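Heads up: the structure comes next, in structure tokens.
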Amino acid sequence: MSADAAGTDPLVIRDLKFLGPMATVDGWRPTTTLPEIAFAGRSNVGKSSLLNSLVRRKAFARVSRTPGRTREINFFEVNGRFVLVDLPGYGYAQVSKSRRAEWRPLIEGYLRGSERLRGVVQLLDVRRDPSPDDLQMLDFLGELGAPTIIAITKVDKLGSRAAAERIQAMTESLGLDADQVIPFSAQTGQGRDDLAAAIAQLMEPAPEAP
């Protein structure tokens, strides 16, 4: 996917509002009717940094030095146009088994129960093979039929050739469509506009059946 060749920002953030957290499957959630875009990934994959880069706010999503700290689903209204849904990071080994057991039904319950979900951005670290948790999430999203964008993070940590080879290998091993994969670096900004454009595309009305 490519951003506008003219270099215009496909997602200018004019207004960003925290709506609140969802702590349990049957707990509070926003009553807004806006479309929702969810962000998922294992702990320490760089999700907070990606979100900060996406919305161009340095402290929008707190970058914690302790992965696995986010325990709730957080909802943010963007430009009065859509809701950005930050799902808890999963798979951090030092979080208790009971806590990890709570997160799975929370995440899956939200994804299954949201009638306004337009798509999911799934994050994978370019330096690491997808974990069993990653594979389980991808299988779940496939079962759900949710449109999914794969953001491969931290590409600045490898040389350009090594990163390209890793991205190709990951794309092929997971059976992904190359068009749904976006290399991303919060440090350099690579992929930010491509991801913003992909999100904007997810929110386009579905074409009417002939």
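Each chain of the structure tokens is named A, B, ... in the order shown, its residues numbered from 1; ligands are numbered from 1 in display order.
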
- Task: Fewer than 2 positions away in the same chain doesn't count, so skip those; otherwise give me all residues within 7 Å of Met22 (chain A), counting only C-alpha atoms, as number ranges by chain.
- Result: A: 20, 24, 27-29, 72-74

- Message: Residues near Leu202 (chain A), anyone? I mean within 7 Å using only C-alpha atoms, not counting same-chain ones fewer than 2 positions away, as a VMD selection string.
- Response: chain A and resid 118 to 119 198 to 200 204

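All residues of protein, DNA or RNA that reach within 9 Å of Arg127 (chain A), judged by only C-alpha atoms and not counting those fewer than 6 positions away in the chain, are Thr153, Lys154, Val155, Lys157, Leu158, Ala163 and Arg166 of chain A.
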
- Message: What parts of chain A does DSSP call helix (DSSP H, G or I)? I'd like the answer as a PyMOL selection string.
- Response: chain A and resi 47-55+97-113+132-144+155-157+160-173+178-180+192-202

- Message: Set the distance at 12 Å and use only C-alpha atoms: which residues neighbour Arg56 (chain A) once local chain neighbours fewer than 2 positions away are removed? I'd like the list as a PyMOL selection string.
- Response: chain A and resi 9+11-16+48-54+58-61+186+189+192-193+196

Output file for the selection above: C-alpha atoms, as a short mmCIF file (atom, residue, chain, number, x, y, z; two decimals), in the first residue's frame:
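Now in result.cif:
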data_model
loop_
_atom_site.label_atom_id
_atom_site.label_comp_id
_atom_site.auth_asym_id
_atom_site.auth_seq_id
_atom_site.Cartn_x
_atom_site.Cartn_y
_atom_site.Cartn_z
CA ASP A 9 -1.36 13.27 5.14
CA LEU A 11 -5.16 11.09 8.36
CA VAL A 12 -4.81 14.58 9.82
CA ILE A 13 -5.66 14.41 13.54
CA ARG A 14 -7.62 17.50 14.50
CA ASP A 15 -9.40 16.17 17.56
CA LEU A 16 -8.52 13.25 19.81
CA SER A 48 2.16 2.26 21.96
CA SER A 49 4.94 3.72 19.82
CA LEU A 50 3.01 2.92 16.64
CA LEU A 51 -0.14 4.60 17.98
CA ASN A 52 1.82 7.67 19.07
CA SER A 53 3.32 7.91 15.59
CA LEU A 54 -0.01 7.33 13.86
CA LYS A 58 4.19 11.91 21.70
CA ALA A 59 2.33 10.81 24.82
CA PHE A 60 -0.96 9.61 23.35
CA ALA A 61 -0.40 5.95 24.23
CA ALA A 186 7.93 4.56 14.88
CA GLY A 189 8.11 7.32 10.48
CA ARG A 192 2.95 5.86 9.03
CA ASP A 193 1.14 7.37 6.05
CA ALA A 196 -3.14 5.92 7.89
#

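Distances here use only C-alpha atoms; by that measure, the residue among A:Ile107, A:Leu144, A:Leu176, A:Leu138 closest to Asp26 (chain A) is A:Ile107.
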
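For Arg42 (chain A), the set of protein, DNA and RNA residues having any atom at most 9 Å away, when counting only C-alpha atoms and skipping those fewer than 2 positions along the same chain, is Ala40, Asn44, Val45, Gly46, Lys47, Pro67, Gly68, Pro88, Gly89, Tyr90, Gly91, Tyr92, Leu123, Leu124, Ser131, Asp133 and Asp134 of chain A.
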
Expected file contents, prior selection, N, CA and C atoms, as a compact mmCIF listing (two decimals), in the first residue's frame:
# COMPACT_ATOMS: atom_id res chain seq x y z
N ALA A 40 -4.04 -4.67 17.74
CA ALA A 40 -3.71 -5.84 18.54
C ALA A 40 -2.25 -6.22 18.34
N ASN A 44 5.26 -5.64 24.07
CA ASN A 44 6.60 -5.27 23.61
C ASN A 44 6.77 -5.34 22.10
N VAL A 45 5.66 -5.34 21.35
CA VAL A 45 5.74 -5.34 19.90
C VAL A 45 5.87 -3.93 19.35
N GLY A 46 5.66 -2.92 20.23
CA GLY A 46 5.77 -1.54 19.80
C GLY A 46 4.44 -0.88 19.49
N LYS A 47 3.37 -1.39 20.09
CA LYS A 47 2.03 -0.85 19.77
C LYS A 47 1.86 0.58 20.24
N PRO A 67 6.32 -4.21 29.76
CA PRO A 67 5.30 -4.76 28.88
C PRO A 67 4.22 -5.49 29.66
N GLY A 68 3.03 -5.49 29.12
CA GLY A 68 1.93 -6.22 29.76
C GLY A 68 1.19 -5.41 30.80
N PRO A 88 -5.39 -4.75 24.88
CA PRO A 88 -4.24 -5.07 25.74
C PRO A 88 -3.23 -5.93 25.01
N GLY A 89 -1.94 -5.67 25.28
CA GLY A 89 -0.91 -6.54 24.73
C GLY A 89 -1.00 -7.92 25.36
N TYR A 90 -0.73 -8.94 24.58
CA TYR A 90 -0.85 -10.30 25.08
C TYR A 90 0.50 -11.00 25.06
N GLY A 91 0.59 -12.11 25.81
CA GLY A 91 1.74 -13.00 25.67
C GLY A 91 2.96 -12.66 26.50
N TYR A 92 2.87 -11.68 27.42
CA TYR A 92 4.06 -11.34 28.19
C TYR A 92 4.25 -12.36 29.31
N LEU A 123 -0.15 -6.25 14.89
CA LEU A 123 1.27 -5.92 14.87
C LEU A 123 2.12 -7.16 15.05
N LEU A 124 3.21 -7.23 14.28
CA LEU A 124 4.21 -8.28 14.41
C LEU A 124 5.59 -7.63 14.40
N SER A 131 4.72 -15.63 17.39
CA SER A 131 4.58 -16.52 18.53
C SER A 131 3.30 -17.35 18.40
N ASP A 133 0.87 -17.19 20.35
CA ASP A 133 -0.22 -16.24 20.60
C ASP A 133 -0.54 -15.43 19.34
N ASP A 134 0.50 -15.01 18.60
CA ASP A 134 0.28 -14.28 17.35
C ASP A 134 -0.50 -15.14 16.37

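Nearest-residue note for Val55 (chain A): choosing from A:Ile37, A:Leu141, A:Val78, A:Ala23, the minimum distance belongs to A:Val78, counting only C-alpha atoms.
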
- Quick one: pull the distance between CA of Phe82 (chain A) and CA of Met137 (chain A), Å, one decimal. 23.2 Å

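Among the candidates A:Ser114, A:Thr148, A:Asn79, A:Thr8, the residue lying nearest to Glu36 (chain A) is A:Ser114 (atoms considered: only C-alpha atoms).
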